[in-house]
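**Q** One structure, as structure tokens, below. Some questions next.
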Amino acid sequence: AKILVLHGPNLNLLGTREPDVYGRTTLSQINRDLALLADRFGVELESFQSNHEGALIDRLQASVGNTDGIIFNPAAYTHTSIAIRDCLSAIMIPTIEVHLSNIHAREEFRHRSMIAPVVMGQISGLGALGYTLAFHALLEDFAKRGL
Ligand code: DQA
């Protein structure tokens with residue numbers, strides 16, 4: 001089985017970016033922890049970050065036929081991108097939406113997620129742990145699908 005971990009804009013700055021909101025864990029640490037988990041559970045895992053909406057969409061489209069689950073933090077595109085939502089609807093790969101911060105406890109404009117209606121579930125507010133939990137949620141789903 002294969003998992004794609006997708007990170008949206010500004011998440012490359014994790015560690016130094018508003019640490020009170022997003023924590024001090026860097027993106028490389030998050031990716032490394034997930035890679036270790038993947039090794040332990042015998043799953044293939046690839047991580048990709050982009051600051052560009054189209055690049056995220058290209059990567060999602062390229063995962064059709066070779067990816068069984070997606071862990072996705074679309075960052076600010078969560079709240080704006082109909083294009084990313086349409087892409088997720090089109091590719092039909094089970095996806096878990098992850099946010100480090102609790103988007104529902106922040107500014108009004110962060111309360112709405114364009115992608116929430118088309119993903120398997122959303123994890124928000126648990127910091128870097130959210131990615132680990134999303135990984136385990138996908139493993140459960142793989143087991144159900146006999147992967
Ligand atoms: C975020 C929350 C978004 O509102 C914000 O634009 C981000 C990060 C999070 O992980 O908490 O860039 O997705």
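In the structure tokens, the first chain shown is A, the next is B, and so on; residue numbers restart at 1 for each chain, and ligands run from 1 in the order shown.
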Neighbouring residues of region 116-133 of chain A were defined as those with any atom within 9 Å, considering only C-alpha atoms; residues of the same chain fewer than 6 positions away were excluded. Please report them as a PyMOL selection string.
**A** chain A and resi 5+21-23+25+30+33-34+37+71-72+78+85-86+88-89+92-105
**Q** Suppose we keep C-alpha atoms; can you now write the selection as an mmCIF file, in the first residue's frame?
**A**
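Output saved as again.cif:
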```cif
data_model
loop_
_atom_site.group_PDB
_atom_site.id
_atom_site.type_symbol
_atom_site.label_atom_id
_atom_site.label_comp_id
_atom_site.auth_asym_id
_atom_site.auth_seq_id
_atom_site.Cartn_x
_atom_site.Cartn_y
_atom_site.Cartn_z
ATOM 1 C CA VAL A 5 1.610 13.078 2.332
ATOM 2 C CA VAL A 21 0.176 28.581 16.672
ATOM 3 C CA TYR A 22 1.916 25.806 14.730
ATOM 4 C CA GLY A 23 4.478 24.411 17.182
ATOM 5 C CA THR A 25 8.293 20.742 14.869
ATOM 6 C CA ILE A 30 7.082 15.455 10.468
ATOM 7 C CA ASP A 33 8.463 10.509 11.691
ATOM 8 C CA LEU A 34 5.950 9.425 9.050
ATOM 9 C CA LEU A 37 6.107 4.725 10.818
ATOM 10 C CA ILE A 71 -2.690 12.728 4.270
ATOM 11 C CA PHE A 72 -3.262 16.330 3.250
ATOM 12 C CA THR A 78 -8.241 24.736 2.694
ATOM 13 C CA ARG A 85 -11.760 20.172 -3.716
ATOM 14 C CA ASP A 86 -12.827 19.301 -7.267
ATOM 15 C CA LEU A 88 -10.115 15.373 -4.578
ATOM 16 C CA SER A 89 -13.650 14.558 -5.781
ATOM 17 C CA MET A 92 -11.489 9.396 -5.346
ATOM 18 C CA ILE A 93 -8.513 8.408 -3.178
ATOM 19 C CA PRO A 94 -9.400 8.278 0.554
ATOM 20 C CA THR A 95 -7.930 11.433 2.097
ATOM 21 C CA ILE A 96 -7.479 12.640 5.664
ATOM 22 C CA GLU A 97 -7.382 16.409 6.128
ATOM 23 C CA VAL A 98 -4.901 17.526 8.795
ATOM 24 C CA HIS A 99 -4.413 20.917 10.445
ATOM 25 C CA LEU A 100 -1.854 21.589 13.138
ATOM 26 C CA SER A 101 -3.959 24.348 14.691
ATOM 27 C CA ASN A 102 -7.642 24.118 15.602
ATOM 28 C CA ILE A 103 -9.107 25.960 12.627
ATOM 29 C CA HIS A 104 -12.514 26.100 14.328
ATOM 30 C CA ALA A 105 -11.114 28.050 17.278
#
```
**Q** Point out the residue among A:Ala1, A:Leu6, A:Leu14, A:Met114 with the least atom-to-atom distance to Leu56 (chain A), counting only C-alpha atoms.
**A**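 Comparing A:Ala1, A:Leu6, A:Leu14, A:Met114 against Leu56 (chain A), the winner is A:Leu6.
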**Q** Choose the residue, out of A:Asn31, A:Thr80, A:Asn10, A:Ser47, that has the smallest atom-to-atom separation from ligand 1; count only C-alpha atoms and all ligand atoms.
**A**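 Ranked by minimum distance to ligand 1, first place goes to A:Asn10.
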**Q** Could you go through region 50-81 of chain A and tell me which residues DSSP, when run on the backbone, assigns to alpha helix (DSSP H), listing them as a PyMOL selection string?
**A** chain A and resi 53-62
**Q** Produce a file of the selected residues containing N, CA and C atoms, as a tab-separated table (two decimals), in the first residue's frame.
**A**
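Done, and the output landed in out-v2.tsv:
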```tsv
chain	number	residue	atom	x	y	z
A	53	GLU	N	-0.84	26.18	-5.79
A	53	GLU	CA	-2.09	25.42	-5.90
A	53	GLU	C	-2.04	24.41	-7.04
A	54	GLY	N	-1.59	24.87	-8.21
A	54	GLY	CA	-1.55	23.98	-9.38
A	54	GLY	C	-0.61	22.81	-9.20
A	55	ALA	N	0.51	23.05	-8.50
A	55	ALA	CA	1.48	21.96	-8.27
A	55	ALA	C	0.86	20.90	-7.35
A	56	LEU	N	0.07	21.34	-6.38
A	56	LEU	CA	-0.60	20.39	-5.48
A	56	LEU	C	-1.61	19.56	-6.28
A	57	ILE	N	-2.32	20.23	-7.17
A	57	ILE	CA	-3.32	19.54	-8.00
A	57	ILE	C	-2.62	18.56	-8.95
A	58	ASP	N	-1.52	18.98	-9.55
A	58	ASP	CA	-0.77	18.06	-10.43
A	58	ASP	C	-0.34	16.82	-9.66
A	59	ARG	N	0.14	17.02	-8.43
A	59	ARG	CA	0.62	15.88	-7.62
A	59	ARG	C	-0.54	14.96	-7.25
A	60	LEU	N	-1.69	15.55	-6.93
A	60	LEU	CA	-2.88	14.73	-6.63
A	60	LEU	C	-3.29	13.92	-7.85
A	61	GLN	N	-3.33	14.55	-8.99
A	61	GLN	CA	-3.74	13.85	-10.21
A	61	GLN	C	-2.76	12.73	-10.55
A	62	ALA	N	-1.47	12.97	-10.29
A	62	ALA	CA	-0.44	11.97	-10.60
A	62	ALA	C	-0.53	10.75	-9.68
```
